[in-house]
Each structure stands twice: as structure tokens, then as C-alpha cells.
$ cat start-v2.tsv   # TSV, C-alpha atoms and all ligand atoms
chain	number	residue	atom	x	y	z
A	223	ASP	CA	-20.46	16.26	7.49
A	224	GLU	CA	-17.46	18.38	6.47
A	225	LEU	CA	-16.28	18.35	10.09
A	226	VAL	CA	-16.81	14.62	10.49
A	227	SER	CA	-14.81	14.09	7.31
A	228	GLN	CA	-12.01	16.32	8.54
A	229	ILE	CA	-11.83	14.42	11.82
A	230	ALA	CA	-11.79	11.11	9.95
A	231	ALA	CA	-9.08	12.61	7.75
A	232	GLY	CA	-6.92	13.02	10.84
A	233	GLU	CA	-6.93	9.24	11.25
A	234	VAL	CA	-6.36	8.35	7.62
A	235	VAL	CA	-4.21	11.22	6.39
A	236	GLU	CA	-1.17	12.10	8.40
A	237	ARG	CA	1.07	13.28	5.58
A	238	PRO	CA	1.40	13.13	1.77
A	239	ALA	CA	2.58	9.52	1.98
A	240	SER	CA	-0.76	8.51	3.53
A	241	VAL	CA	-2.53	9.96	0.49
A	242	VAL	CA	-0.17	8.16	-1.86
A	243	ARG	CA	-0.82	4.88	-0.05
A	244	GLU	CA	-4.61	5.22	-0.29
A	245	LEU	CA	-4.59	6.30	-3.94
A	246	VAL	CA	-2.27	3.47	-4.96
A	247	ASP	CA	-4.49	1.04	-3.00
A	248	ASN	CA	-7.41	2.23	-5.09
A	249	ALA	CA	-5.48	1.91	-8.35
A	250	LEU	CA	-4.52	-1.67	-7.47
A	251	ASP	CA	-8.11	-2.49	-6.50
A	252	ALA	CA	-9.15	-1.18	-9.92
A	253	GLY	CA	-6.86	-3.76	-11.55
A	254	ALA	CA	-4.22	-1.31	-12.79
A	255	THR	CA	-1.14	-2.72	-14.54
A	256	GLN	CA	0.75	0.58	-14.56
A	257	ILE	CA	0.64	3.21	-11.80
A	258	THR	CA	2.34	6.58	-12.05
A	259	VAL	CA	2.74	8.90	-9.08
A	260	ARG	CA	3.63	12.55	-9.70
A	261	LEU	CA	4.57	14.85	-6.85
A	262	LEU	CA	5.40	18.50	-6.27
A	263	ALA	CA	7.09	19.69	-3.09
A	264	GLY	CA	7.24	16.23	-1.51
A	265	GLY	CA	3.54	15.79	-2.29
A	266	VAL	CA	2.43	18.76	-0.20
A	267	ARG	CA	1.64	20.93	-3.23
A	268	LEU	CA	0.50	18.16	-5.54
A	269	ILE	CA	-0.02	14.41	-5.63
A	270	THR	CA	-1.31	12.81	-8.80
A	271	VAL	CA	-1.84	9.08	-9.10
A	272	GLU	CA	-2.62	7.81	-12.59
A	273	ASP	CA	-3.71	4.28	-13.39
A	274	ASP	CA	-4.93	2.21	-16.31
A	275	GLY	CA	-7.51	0.33	-14.26
A	276	ALA	CA	-11.24	-0.18	-14.61
A	277	GLY	CA	-12.11	3.50	-14.25
A	278	ILE	CA	-15.17	5.09	-12.65
A	279	PRO	CA	-18.36	5.64	-14.66
A	280	ARG	CA	-19.45	9.28	-14.96
A	281	ASP	CA	-22.45	8.86	-12.68
A	282	GLU	CA	-20.40	7.23	-9.94
A	283	LEU	CA	-17.73	9.93	-9.75
A	284	PRO	CA	-19.61	12.03	-7.15
A	285	VAL	CA	-20.42	8.88	-5.17
A	286	ALA	CA	-16.74	7.89	-4.94
A	287	LEU	CA	-16.07	11.02	-2.88
A	288	ARG	CA	-18.89	10.42	-0.46
A	289	ARG	CA	-18.09	9.15	3.01
A	290	HIS	CA	-18.66	5.42	3.50
A	291	ALA	CA	-19.15	5.01	-0.20
A	292	THR	CA	-17.37	1.88	-1.29
A	293	SER	CA	-18.01	-0.27	-4.31
A	294	LYS	CA	-16.03	-3.08	-2.74
A	295	ILE	CA	-18.12	-4.67	-0.01
A	296	ALA	CA	-21.86	-4.91	0.19
A	297	ASP	CA	-22.26	-5.66	3.89
A	298	LEU	CA	-20.30	-6.29	7.04
A	299	HIS	CA	-20.14	-10.04	6.50
A	300	ASP	CA	-18.00	-9.39	3.46
A	301	LEU	CA	-15.32	-8.09	5.81
A	302	GLU	CA	-14.53	-11.70	6.69
A	303	THR	CA	-13.43	-12.35	3.16
A	304	VAL	CA	-12.27	-8.95	1.98
A	305	VAL	CA	-9.60	-9.27	-0.70
A	306	THR	CA	-9.40	-5.68	-1.91
A	307	MET	CA	-7.07	-3.17	-0.29
A	308	GLY	CA	-9.92	-0.75	0.36
A	309	PHE	CA	-13.32	-1.52	1.86
A	310	ARG	CA	-14.19	1.31	4.22
A	311	GLY	CA	-15.05	3.92	1.61
A	312	GLU	CA	-13.43	6.58	3.74
A	313	ALA	CA	-10.18	7.49	2.12
A	314	LEU	CA	-11.27	9.66	-0.81
A	315	ALA	CA	-13.82	11.59	1.26
A	316	ALA	CA	-11.30	12.17	4.02
A	317	ILE	CA	-8.54	13.25	1.65
A	318	ALA	CA	-10.87	15.56	-0.30
A	319	SER	CA	-11.91	17.26	2.94
A	320	VAL	CA	-8.36	18.46	3.59
A	321	SER	CA	-7.23	19.28	0.04
A	322	GLU	CA	-8.31	20.45	-3.37
A	323	ALA	CA	-9.17	17.18	-5.01
A	324	SER	CA	-10.22	16.22	-8.50
A	325	ILE	CA	-10.83	12.90	-10.22
A	326	LEU	CA	-10.48	12.30	-13.93
A	327	SER	CA	-11.66	8.93	-15.10
A	328	ARG	CA	-12.70	6.92	-18.09
A	329	PRO	CA	-14.06	3.40	-17.73
A	330	ALA	CA	-13.94	0.91	-20.60
A	331	GLY	CA	-16.82	1.46	-22.99
A	332	GLN	CA	-17.45	5.12	-22.15
A	333	ASP	CA	-16.58	7.45	-25.07
A	334	SER	CA	-15.15	10.23	-23.02
A	335	ALA	CA	-13.45	10.79	-19.70
A	336	TYR	CA	-15.06	12.97	-17.03
A	337	LEU	CA	-13.41	15.31	-14.60
A	338	LEU	CA	-14.97	15.94	-11.22
A	339	ASP	CA	-13.81	18.87	-9.13
A	340	ALA	CA	-14.46	17.96	-5.50
A	341	ARG	CA	-14.81	21.50	-4.13
A	342	SER	CA	-17.23	22.88	-6.71
A	343	GLY	CA	-18.85	19.56	-7.59
A	344	GLU	CA	-18.49	20.51	-11.24
A	345	LEU	CA	-18.45	17.53	-13.59
A	346	ARG	CA	-17.30	18.02	-17.19
A	347	PRO	CA	-16.07	15.97	-20.14
A	348	ALA	CA	-12.31	15.75	-20.54
A	349	ALA	CA	-9.71	13.71	-22.41
A	350	ARG	CA	-8.10	10.55	-21.11
A	351	ASN	CA	-7.45	6.91	-22.00
A	352	GLN	CA	-9.08	4.21	-19.91
A	353	GLY	CA	-8.26	4.54	-16.23
A	354	THR	CA	-8.24	7.08	-13.45
A	355	SER	CA	-6.16	10.05	-12.36
A	356	VAL	CA	-6.71	11.44	-8.90
A	357	GLU	CA	-5.18	14.83	-8.22
A	358	ILE	CA	-4.68	16.13	-4.68
A	359	LYS	CA	-3.51	19.71	-4.37
A	360	GLU	CA	-2.47	21.75	-1.35
A	361	LEU	CA	-2.83	19.09	1.31
A	362	PHE	CA	-3.95	20.52	4.66
A	363	PHE	CA	-4.36	24.03	3.17
A	364	SER	CA	-7.45	24.53	5.32
A	365	THR	CA	-5.93	22.96	8.44
A	366	PRO	CA	-2.71	24.92	9.03
A	367	ALA	CA	-2.17	23.20	12.38
A	368	ARG	CA	-1.69	19.91	10.56
A	369	ARG	CA	0.34	21.41	7.75
A	370	LYS	CA	2.78	22.73	10.34
A	371	PHE	CA	3.70	19.18	11.33
A	372	LEU	CA	4.96	18.30	7.89
A	373	LYS	CA	8.71	17.89	7.49
A	374	THR	CA	10.95	19.08	4.67
A	375	ASP	CA	10.00	18.24	1.08
A	376	ALA	CA	12.86	15.75	0.93
A	377	THR	CA	11.55	13.90	3.98
A	378	GLU	CA	7.96	13.88	2.76
A	379	LEU	CA	9.16	12.64	-0.64
A	380	ALA	CA	11.09	9.82	1.05
A	381	HIS	CA	7.93	8.76	2.88
A	382	CYS	CA	5.94	8.86	-0.37
A	383	VAL	CA	8.53	6.69	-2.12
A	384	GLU	CA	8.44	4.27	0.80
A	385	ALA	CA	4.65	4.06	0.52
A	386	VAL	CA	4.91	3.08	-3.15
A	387	ARG	CA	7.79	0.69	-2.42
A	388	ARG	CA	5.58	-1.20	0.05
A	389	HIS	CA	3.00	-1.72	-2.67
A	390	ALA	CA	5.58	-2.51	-5.32
A	391	LEU	CA	7.09	-5.32	-3.24
A	392	ALA	CA	3.72	-7.06	-3.07
A	393	ARG	CA	2.73	-6.58	-6.72
A	394	PRO	CA	5.57	-7.45	-9.08
A	395	GLU	CA	3.16	-7.78	-12.01
A	396	VAL	CA	2.31	-4.07	-11.78
A	397	GLY	CA	4.64	-1.35	-13.08
A	398	PHE	CA	5.28	1.72	-10.91
A	399	ALA	CA	6.86	5.10	-11.61
A	400	ILE	CA	7.39	8.02	-9.26
A	401	TRP	CA	8.11	11.54	-10.50
A	402	HIS	CA	9.08	14.48	-8.32
A	403	GLU	CA	9.24	18.03	-9.67
A	404	GLY	CA	9.23	16.63	-13.20
A	405	LYS	CA	12.10	14.19	-12.57
A	406	LEU	CA	11.78	10.41	-12.54
A	407	VAL	CA	12.88	9.29	-9.07
A	408	GLU	CA	11.97	5.60	-9.15
A	409	GLN	CA	10.75	3.19	-11.78
A	410	TRP	CA	9.96	-0.45	-11.24
A	411	ARG	CA	8.86	-2.15	-14.43
A	412	ALA	CA	6.14	-4.78	-14.44
A	413	VAL	CA	7.72	-8.23	-14.03
A	414	ASN	CA	6.75	-11.12	-16.26
A	415	ALA	CA	8.02	-14.33	-14.75
A	416	ALA	CA	7.22	-18.01	-14.85
A	417	SER	CA	6.46	-18.21	-11.14
A	418	ARG	CA	5.39	-15.93	-8.36
A	419	GLU	CA	8.61	-16.71	-6.50
A	420	GLU	CA	10.73	-15.64	-9.47
A	421	ALA	CA	8.62	-12.52	-10.01
A	422	LEU	CA	9.04	-11.53	-6.37
A	423	ALA	CA	12.79	-12.15	-6.43
A	424	ARG	CA	13.11	-9.88	-9.48
A	425	ARG	CA	10.97	-7.16	-7.97
A	426	LEU	CA	12.91	-7.40	-4.69
A	427	ALA	CA	16.14	-6.97	-6.64
A	428	ASP	CA	14.71	-3.94	-8.48
A	429	VAL	CA	13.34	-2.28	-5.37
A	430	LEU	CA	15.74	-3.24	-2.59
A	431	GLY	CA	18.81	-3.93	-4.70
A	432	GLU	CA	20.64	-6.95	-6.11
A	433	ASP	CA	22.52	-7.13	-2.80
A	434	PHE	CA	19.35	-7.83	-0.90
A	435	VAL	CA	18.55	-10.84	-3.06
A	436	ALA	CA	22.14	-12.06	-3.14
A	437	GLN	CA	22.41	-11.82	0.64
A	438	SER	CA	19.14	-13.54	1.41
A	439	VAL	CA	17.62	-17.00	1.25
A	440	ALA	CA	14.19	-18.09	0.03
A	441	VAL	CA	11.54	-18.65	2.69
A	442	GLN	CA	8.88	-21.23	1.94
A	443	ARG	CA	6.84	-22.99	4.55
A	444	ASP	CA	3.25	-24.13	4.84
A	445	SER	CA	1.71	-25.32	8.04
A	446	GLY	CA	-1.69	-25.30	9.65
A	447	GLY	CA	-3.17	-23.32	6.76
A	448	ILE	CA	-0.57	-20.57	7.08
A	449	SER	CA	1.85	-20.11	4.22
A	450	VAL	CA	4.98	-18.03	4.70
A	451	THR	CA	7.11	-17.17	1.65
A	452	GLY	CA	9.59	-14.46	0.74
A	453	ARG	CA	13.26	-13.90	1.47
A	454	ALA	CA	15.19	-13.61	4.69
A	455	GLY	CA	18.52	-11.81	4.84
A	456	VAL	CA	21.51	-13.84	5.95
A	457	PRO	CA	23.00	-12.73	9.28
A	458	ASP	CA	25.82	-10.84	7.53
A	459	ALA	CA	23.24	-8.68	5.76
A	460	ALA	CA	21.81	-7.39	9.04
A	461	ARG	CA	21.80	-3.63	9.50
A	462	SER	CA	21.98	-1.35	12.45
A	463	ARG	CA	18.67	0.26	11.45
A	464	PRO	CA	15.41	-1.64	10.93
A	465	ASP	CA	14.71	-0.22	7.49
A	466	HIS	CA	14.39	-3.33	5.38
A	467	GLN	CA	11.72	-5.31	7.15
A	468	TYR	CA	8.70	-5.83	4.98
A	469	CYS	CA	5.73	-7.98	6.00
A	470	TYR	CA	2.59	-8.69	4.07
A	471	VAL	CA	-0.52	-10.50	5.13
A	472	ASN	CA	-2.69	-11.59	2.21
A	473	GLY	CA	-0.97	-9.03	0.02
A	474	ARG	CA	-1.44	-6.15	2.42
A	475	PHE	CA	1.60	-4.43	3.97
A	476	VAL	CA	1.37	-4.63	7.74
A	477	ARG	CA	3.28	-3.64	10.82
A	478	ASP	CA	2.71	-6.35	13.33
A	479	LYS	CA	4.29	-7.10	16.69
A	480	VAL	CA	3.60	-10.82	16.49
A	481	ILE	CA	5.40	-11.18	13.16
A	482	ALA	CA	8.25	-8.87	14.15
A	483	HIS	CA	8.76	-10.77	17.38
A	484	ALA	CA	8.67	-14.12	15.62
A	485	ALA	CA	11.28	-12.93	13.13
A	486	ARG	CA	13.50	-11.55	15.87
A	487	SER	CA	13.36	-14.79	17.80
A	488	ALA	CA	14.21	-16.81	14.68
A	489	TYR	CA	17.35	-14.71	14.27
A	490	GLU	CA	18.18	-14.70	17.96
A	491	ASP	CA	20.84	-17.38	17.87
A	492	VAL	CA	22.49	-16.21	14.65
A	493	LEU	CA	22.40	-12.45	15.17
A	494	HIS	CA	24.12	-11.19	18.24
A	495	GLY	CA	24.24	-7.63	19.43
A	496	GLN	CA	22.18	-4.73	18.16
A	497	LYS	CA	21.81	-5.69	14.49
A	498	GLN	CA	18.42	-5.85	12.78
A	499	PRO	CA	17.63	-8.61	10.29
A	500	ILE	CA	16.37	-7.72	6.83
A	501	TYR	CA	13.50	-9.62	5.27
A	502	ALA	CA	10.46	-9.54	3.05
A	503	LEU	CA	7.81	-11.99	4.21
A	504	TYR	CA	4.51	-12.81	2.59
A	505	ILE	CA	1.98	-14.55	4.76
A	506	SER	CA	-1.16	-16.14	3.35
A	507	ILE	CA	-3.89	-17.10	5.73
A	508	ASP	CA	-7.62	-17.66	5.53
A	509	PRO	CA	-9.12	-14.13	5.72
A	510	ALA	CA	-11.60	-15.41	8.30
A	511	ARG	CA	-8.66	-15.91	10.67
A	512	ILE	CA	-7.65	-12.25	10.63
A	513	ASP	CA	-9.27	-8.88	11.25
A	514	VAL	CA	-7.99	-6.11	8.99
A	515	ASN	CA	-10.52	-3.57	10.17
A	516	VAL	CA	-8.53	-2.61	13.26
A	517	HIS	CA	-7.49	0.87	12.18
A	518	PRO	CA	-8.54	3.17	9.31
A	519	THR	CA	-5.10	2.94	7.74
A	520	LYS	CA	-5.41	-0.87	7.65
A	521	ILE	CA	-1.71	-1.16	8.48
A	522	GLU	CA	-2.47	-3.34	11.47
A	523	VAL	CA	-4.06	-6.75	11.54
A	524	ARG	CA	-5.35	-8.84	14.35
A	525	PHE	CA	-4.84	-12.58	14.19
A	526	ARG	CA	-7.45	-14.79	15.73
A	527	ASP	CA	-4.69	-17.26	16.62
A	528	SER	CA	-1.52	-15.26	17.02
A	529	ARG	CA	0.44	-18.14	18.58
A	530	GLU	CA	0.09	-20.17	15.42
A	531	VAL	CA	1.13	-17.23	13.26
A	532	HIS	CA	4.13	-16.63	15.52
A	533	GLN	CA	5.23	-20.23	15.19
A	534	ALA	CA	4.65	-20.34	11.45
A	535	VAL	CA	6.82	-17.25	10.88
A	536	LYS	CA	9.54	-18.28	13.29
A	537	HIS	CA	9.81	-21.78	11.86
A	538	ALA	CA	9.72	-20.54	8.29
A	539	ILE	CA	12.71	-18.26	8.89
A	540	GLU	CA	14.59	-20.85	10.94
A	541	ASP	CA	14.12	-23.41	8.15
A	542	ALA	CA	15.33	-20.91	5.56
A	543	LEU	CA	18.40	-19.98	7.59
A	544	ALA	CA	18.91	-23.61	8.61
A	545	VAL	CA	18.88	-22.69	12.27
A	546	PRO	CA	18.55	-25.84	14.35
A	547	ARG	CA	15.40	-25.89	16.38
A	548	ALA	CA	15.49	-26.67	20.08
B	601	LIG	P1	-12.55	2.18	-0.61
B	601	LIG	O1	-11.27	1.98	-1.35
B	601	LIG	O2	-12.44	1.78	0.84
B	601	LIG	O3	-13.74	1.57	-1.30
B	601	LIG	P2	-12.15	4.98	-1.20
B	601	LIG	O4	-12.65	6.22	-0.53
B	601	LIG	O5	-10.67	4.79	-1.24
B	601	LIG	O6	-12.87	3.76	-0.52
B	601	LIG	O7	-12.71	4.98	-2.68
B	601	LIG	C1	-14.11	5.09	-2.87
B	601	LIG	C2	-14.55	4.40	-4.15
B	601	LIG	O8	-14.08	5.13	-5.28
B	601	LIG	C3	-14.00	3.00	-4.34
B	601	LIG	O9	-14.81	2.03	-3.69
B	601	LIG	C4	-14.03	2.86	-5.86
B	601	LIG	O10	-15.33	2.46	-6.28
B	601	LIG	C5	-13.81	4.27	-6.37
B	601	LIG	N1	-12.40	4.51	-6.78
B	601	LIG	C6	-11.48	5.24	-6.10
B	601	LIG	N2	-10.31	5.29	-6.76
B	601	LIG	C7	-10.46	4.54	-7.87
B	601	LIG	C8	-9.58	4.19	-8.99
B	601	LIG	N3	-8.32	4.61	-9.06
B	601	LIG	N4	-10.12	3.43	-9.97
B	601	LIG	C9	-11.41	2.98	-9.91
B	601	LIG	N5	-12.27	3.28	-8.91
B	601	LIG	C10	-11.81	4.05	-7.90
B	602	MG	MG	-9.50	3.00	-1.00

$ encode --input "start-v2.tsv" --output "C-alpha cells" --more "lines below"
Ligand code: ADP
Ligand code: MG
Amino acid sequence: DELVSQIAAGEVVERPASVVRELVDNALDAGATQITVRLLAGGVRLITVEDDGAGIPRDELPVALRRHATSKIADLHDLETVVTMGFRGEALAAIASVSEASILSRPAGQDSAYLLDARSGELRPAARNQGTSVEIKELFFSTPARRKFLKTDATELAHCVEAVRRHALARPEVGFAIWHEGKLVEQWRAVNAASREEALARRLADVLGEDFVAQSVAVQRDSGGISVTGRAGVPDAARSRPDHQYCYVNGRFVRDKVIAHAARSAYEDVLHGQKQPIYALYISIDPARIDVNVHPTKIEVRFRDSREVHQAVKHAIEDALAVPRA
């Protein structure tokens, strides 16, 4: 089982940022309002993710680390309607198989927190407010071949920050902080706004800069049960590198060829040459029309009707940029 977990870990955990992504997913699923990420050596020596979410009852702590243990879906049919970030029950087991992991948690109504050490299985009372802290030390210490592929601490840190940024852009109502070597590197405070659109605009300004918001237009289009919102950069804001292209499907960050192609074709007539548009797009679609269980990292989706999604995205951006349609 150890070996199976380590092989699965190869698919889920590529670098510290993959751990950060999974742990922040879990914190969000637990309903956290504040998430703090602490790193040492770009996350290679230590990753701690602390949340103020629902917590894990003492008796469920060992279960959380077990492979295919998920509290989020009861059977495969639930996959059609999955709304949580996690559902495979693989991440914690995989991560723990290639690190020294511990979980400290206190659910509401339990008088003390409990700390579970994954290696030894020791479970003991500890101190903590409501919520969960997951600590991952010495990633890949037992798999030196994988550790060798890691880049410098600065590069790994940049990937970790990017992982949190992707979550932060989808969840303006949640506060995020990232510490590295005891220094605060990013902090995005929870946004309280009258509307989702306003909340997103404020979070986008915090995370991507005031310039991004100033140099972009609101996207808002509903058709055929597909809603596309967000902001699209004006042509002048285009960059030579594609580093500000964020896409979400039902709140989940995705990399998707259909969406990317649709966006590119919407910009085709206004962006000449090599420049890349910048945008943050949020697509809502009936979960039954997508498959998120394509890859363990859940960064890819499959659309049952990709032509409709393509059109919806393209038209949404064209409308926002006021590009005339042929
Ligand atoms: P998944 O998220 O796919 O269910 P994970 O391996 O990521 O699988 O987590 C296993 C289980 O551990 C989750 O289903 C959840 O019950 C519990 N868990 C993990 N992290 C947290 C957290 N931060 N707060 C509350 N519960 C958690
Ligand atoms: Mg998870």
C-alpha cells in the first residue's frame, strides 16, 4: 500500500506547490474564512497550511490519511454534482507517503485539539483553536530521484505563491496569507462587498494589481445555461508572456485548451502579433455537463459540449471588448 501511495503521489505531487494546492483545497472545502500558508526553503523543508474551518474529529484523523478516504462524496454518482474541490480522497495519503506529515485539528464542540503524526500513527492531545493545521516536512526525503528535480527555493516559492493566487482569485470572501522563512510574502484580506462582481474586482486588484483592473473590462454573458463572468484585459494590456490568464470552471482553476482557444480567437482581430491577452474568466455550468475527474490534480476538465463552451467564452469576451461579430 505504501508503494501504491508513492506511485499515486507521483501523479498528485510534483513539487511543493502541488502540496500547497491540495492543502488549500481541503481548507476551502472545510469552509475556512482565513488560510495561512507557512513555508521554509520554498516549501521543500516545510509546508504548513492553517485554517479556521470545520476541523476533523479525533477519531477521523487517521481515516483522513487513508487512501481513497474522502468525506465528500458517498458514491460515484455524486461525481456528477461534485461541488467540493476534493472528492478523490487521494491527496493526503499521497502527500504523507512522500513526506513527514502531521495533522493538528480541532472541530467545533471538541474540547481539545488532537495531533496525528502520520509516520508513527501517534495521536495525542494538543492545543489549537477550531480548525486544522497540516504540516508537511521534508518533501520527497525518501524519494531522492524526485527531490533532485526540484528547482531553487525561489522558484519553488514562486510556484507555491501562484498556487495560492489561483485559489485567492476564485474566493474573495476568504483571507489568505503566505509566509516564507518567517517573512510575510503575500496577504490578501477577505473581501466584504455588496456583490460578487465587486468582490472579485477588489480581489483581482489586490492579487493582480490595480493596473489589471484599470486595464480590463467586465465580462458578463449568459447563454445556453453557461455563464461567463470576470474581466478581460484591453488589447493595450496584453503581455509578451502568458502569465495572467486565469480560468475557472465552477470555482475550480483549470487549464483548458477549449477556453484558451476561444479567448485567443476573441482577441484575434484586436491583438496582432505575438502578444498574449490577460484575463480572469469564471465559467458556471451545470456540473452534469462537465467531467472534473480527468486527472488526479483536477486541473483539467472535459466538457460534454465543448463547442457550446467555446462559443460562450468567445462571445462573452467579444461582447466585453465590443468586438464586432462576423
Ligand atoms: P479529498 O479532499 O479528495 O476528500 P484528501 O486526501 O485531500 O481527499 O483529504 C481526505 C479527507 O480529510 C477529506 O475528505 C476531509 O474529510 C479531511 N480533511 C483534509 N484536510 C482537511 C481540513 N483542512 N479540514 C477539514 N477536513 C480535512
Ligand atoms: Mg483534498

$ residues_near_point --input "start-v2.tsv" --point "(8.8, 7.3, -4.2)" --cutoff "9 Å" --atoms "only C-alpha atoms" --output "PyMOL selection string"
chain A and resi 259+379-387+399-402+407-409

$ closest_residue --input "start-v2.tsv" --among "A:Val476, A:Ala254, A:Leu426, A:Ala459" --to "ligand LIG 601 (chain B)" --atoms "all atoms listed in the file"
A:Ala254

$ closest_atom_pairs --input "start-v2.tsv" --of "chain A" --to "ligand MG 602 (chain B)" --cutoff "6 Å" --atoms "all atoms listed in the file" --output "tab-separated table"
residue	atom	partner	partner_atom	distance
A:Glu244	CA	B:MG602	MG	5.4
A:Asp247	CA	B:MG602	MG	5.7
A:Asn248	CA	B:MG602	MG	4.7
A:Gly308	CA	B:MG602	MG	4.0
A:Ala313	CA	B:MG602	MG	5.5

$ closest_residue --input "start-v2.tsv" --among "A:Val285, A:Val320, A:Pro394, A:Val235" --to "Ala427 in chain A" --atoms "only C-alpha atoms"
A:Pro394

$ residues_near_ligand --input "start-v2.tsv" --ligand "ligand LIG 601 (chain B)" --cutoff "10 Å" --atoms "all atoms listed in the file" --output "CSV table (one decimal) with C-alpha atoms, in the coordinates of the input"
chain,number,residue,atom,x,y,z
A,241,VAL,CA,-2.5,10.0,0.5
A,243,ARG,CA,-0.8,4.9,0.0
A,244,GLU,CA,-4.6,5.2,-0.3
A,245,LEU,CA,-4.6,6.3,-3.9
A,246,VAL,CA,-2.3,3.5,-5.0
A,247,ASP,CA,-4.5,1.0,-3.0
A,248,ASN,CA,-7.4,2.2,-5.1
A,249,ALA,CA,-5.5,1.9,-8.4
A,250,LEU,CA,-4.5,-1.7,-7.5
A,251,ASP,CA,-8.1,-2.5,-6.5
A,252,ALA,CA,-9.2,-1.2,-9.9
A,253,GLY,CA,-6.9,-3.8,-11.6
A,254,ALA,CA,-4.2,-1.3,-12.8
A,257,ILE,CA,0.6,3.2,-11.8
A,271,VAL,CA,-1.8,9.1,-9.1
A,272,GLU,CA,-2.6,7.8,-12.6
A,273,ASP,CA,-3.7,4.3,-13.4
A,274,ASP,CA,-4.9,2.2,-16.3
A,275,GLY,CA,-7.5,0.3,-14.3
A,276,ALA,CA,-11.2,-0.2,-14.6
A,277,GLY,CA,-12.1,3.5,-14.2
A,278,ILE,CA,-15.2,5.1,-12.6
A,279,PRO,CA,-18.4,5.6,-14.7
A,282,GLU,CA,-20.4,7.2,-9.9
A,283,LEU,CA,-17.7,9.9,-9.8
A,284,PRO,CA,-19.6,12.0,-7.2
A,285,VAL,CA,-20.4,8.9,-5.2
A,286,ALA,CA,-16.7,7.9,-4.9
A,287,LEU,CA,-16.1,11.0,-2.9
A,288,ARG,CA,-18.9,10.4,-0.5
A,289,ARG,CA,-18.1,9.2,3.0
A,290,HIS,CA,-18.7,5.4,3.5
A,291,ALA,CA,-19.2,5.0,-0.2
A,292,THR,CA,-17.4,1.9,-1.3
A,293,SER,CA,-18.0,-0.3,-4.3
A,294,LYS,CA,-16.0,-3.1,-2.7
A,295,ILE,CA,-18.1,-4.7,0.0
A,306,THR,CA,-9.4,-5.7,-1.9
A,307,MET,CA,-7.1,-3.2,-0.3
A,308,GLY,CA,-9.9,-0.8,0.4
A,309,PHE,CA,-13.3,-1.5,1.9
A,310,ARG,CA,-14.2,1.3,4.2
A,311,GLY,CA,-15.0,3.9,1.6
A,312,GLU,CA,-13.4,6.6,3.7
A,313,ALA,CA,-10.2,7.5,2.1
A,314,LEU,CA,-11.3,9.7,-0.8
A,315,ALA,CA,-13.8,11.6,1.3
A,316,ALA,CA,-11.3,12.2,4.0
A,317,ILE,CA,-8.5,13.2,1.6
A,318,ALA,CA,-10.9,15.6,-0.3
A,325,ILE,CA,-10.8,12.9,-10.2
A,326,LEU,CA,-10.5,12.3,-13.9
A,327,SER,CA,-11.7,8.9,-15.1
A,328,ARG,CA,-12.7,6.9,-18.1
A,329,PRO,CA,-14.1,3.4,-17.7
A,353,GLY,CA,-8.3,4.5,-16.2
A,354,THR,CA,-8.2,7.1,-13.4
A,355,SER,CA,-6.2,10.0,-12.4
A,356,VAL,CA,-6.7,11.4,-8.9
A,518,PRO,CA,-8.5,3.2,9.3

$ residues_around --input "start-v2.tsv" --residues "Ala415 in chain A" --least-positions-apart "5" --cutoff "10 Å" --atoms "all atoms listed in the file" --output "list in words"
Pro394, Glu395, Glu420, Ala421, Leu422, Ala423 and Arg424 of chain A

$ atom_distance --input "start-v2.tsv" --atom1 "CA of Asp478 in chain A" --atom2 "CA of Gly455 in chain A"
18.8 Å

$ closest_residue --input "start-v2.tsv" --among "A:Lys359, A:Arg280, A:Arg260, A:Lys536" --to "Val450 in chain A" --atoms "only C-alpha atoms"
A:Lys536

$ residues_around --input "start-v2.tsv" --residues "Ser321 in chain A" --least-positions-apart "3" --cutoff "9 Å" --atoms "all atoms listed in the file" --output "ChimeraX atom specification"
/A:317-318,341,358-364

$ closest_residue --input "start-v2.tsv" --among "A:Arg474, A:His389, A:Arg547, A:Lys373" --to "Ile521 in chain A" --atoms "only C-alpha atoms"
A:Arg474

$ atom_distance --input "start-v2.tsv" --atom1 "CA of Gly431 in chain A" --atom2 "CA of Arg453 in chain A"
13.0 Å

$ closest_residue --input "start-v2.tsv" --among "A:Asp333, A:Lys479, A:Asp375, A:Pro366" --to "Leu262 in chain A" --atoms "only C-alpha atoms"
A:Asp375

$ atom_distance --input "start-v2.tsv" --atom1 "CA of Arg369 in chain A" --atom2 "CA of Phe398 in chain A"
27.6 Å

$ build_atoms --input "start-v2.tsv" --residues "range 454-465 of chain A" --atoms "N, CA and C atoms" --output "PDB file, in the coordinates of the input"
ATOM      1  N   ALA A 454      14.642 -14.036   3.406  1.00  0.00           N
ATOM      2  CA  ALA A 454      15.190 -13.610   4.690  1.00  0.00           C
ATOM      3  C   ALA A 454      16.671 -13.337   4.515  1.00  0.00           C
ATOM      4  N   GLY A 455      17.109 -12.186   4.945  1.00  0.00           N
ATOM      5  CA  GLY A 455      18.520 -11.810   4.840  1.00  0.00           C
ATOM      6  C   GLY A 455      19.389 -12.725   5.679  1.00  0.00           C
ATOM      7  N   VAL A 456      20.566 -13.053   5.144  1.00  0.00           N
ATOM      8  CA  VAL A 456      21.510 -13.840   5.950  1.00  0.00           C
ATOM      9  C   VAL A 456      22.031 -12.945   7.071  1.00  0.00           C
ATOM     10  N   PRO A 457      22.559 -13.551   8.142  1.00  0.00           N
ATOM     11  CA  PRO A 457      23.000 -12.730   9.280  1.00  0.00           C
ATOM     12  C   PRO A 457      23.967 -11.605   8.898  1.00  0.00           C
ATOM     13  N   ASP A 458      24.861 -11.872   7.936  1.00  0.00           N
ATOM     14  CA  ASP A 458      25.820 -10.840   7.530  1.00  0.00           C
ATOM     15  C   ASP A 458      25.162  -9.617   6.903  1.00  0.00           C
ATOM     16  N   ALA A 459      23.939  -9.798   6.416  1.00  0.00           N
ATOM     17  CA  ALA A 459      23.240  -8.680   5.760  1.00  0.00           C
ATOM     18  C   ALA A 459      22.527  -7.782   6.759  1.00  0.00           C
ATOM     19  N   ALA A 460      22.531  -8.163   8.028  1.00  0.00           N
ATOM     20  CA  ALA A 460      21.810  -7.390   9.040  1.00  0.00           C
ATOM     21  C   ALA A 460      22.342  -5.959   9.121  1.00  0.00           C
ATOM     22  N   ARG A 461      21.440  -5.058   9.450  1.00  0.00           N
ATOM     23  CA  ARG A 461      21.800  -3.630   9.500  1.00  0.00           C
ATOM     24  C   ARG A 461      21.644  -3.124  10.914  1.00  0.00           C
ATOM     25  N   SER A 462      22.167  -1.929  11.124  1.00  0.00           N
ATOM     26  CA  SER A 462      21.980  -1.350  12.450  1.00  0.00           C
ATOM     27  C   SER A 462      20.613  -0.691  12.553  1.00  0.00           C
ATOM     28  N   ARG A 463      20.003  -0.361  11.385  1.00  0.00           N
ATOM     29  CA  ARG A 463      18.670   0.260  11.450  1.00  0.00           C
ATOM     30  C   ARG A 463      17.634  -0.681  10.857  1.00  0.00           C
ATOM     31  N   PRO A 464      16.430  -0.696  11.432  1.00  0.00           N
ATOM     32  CA  PRO A 464      15.410  -1.640  10.930  1.00  0.00           C
ATOM     33  C   PRO A 464      14.689  -1.056   9.722  1.00  0.00           C
ATOM     34  N   ASP A 465      15.406  -0.866   8.606  1.00  0.00           N
ATOM     35  CA  ASP A 465      14.710  -0.220   7.490  1.00  0.00           C
ATOM     36  C   ASP A 465      14.406  -1.151   6.330  1.00  0.00           C
TER      37      ASP A 465
END
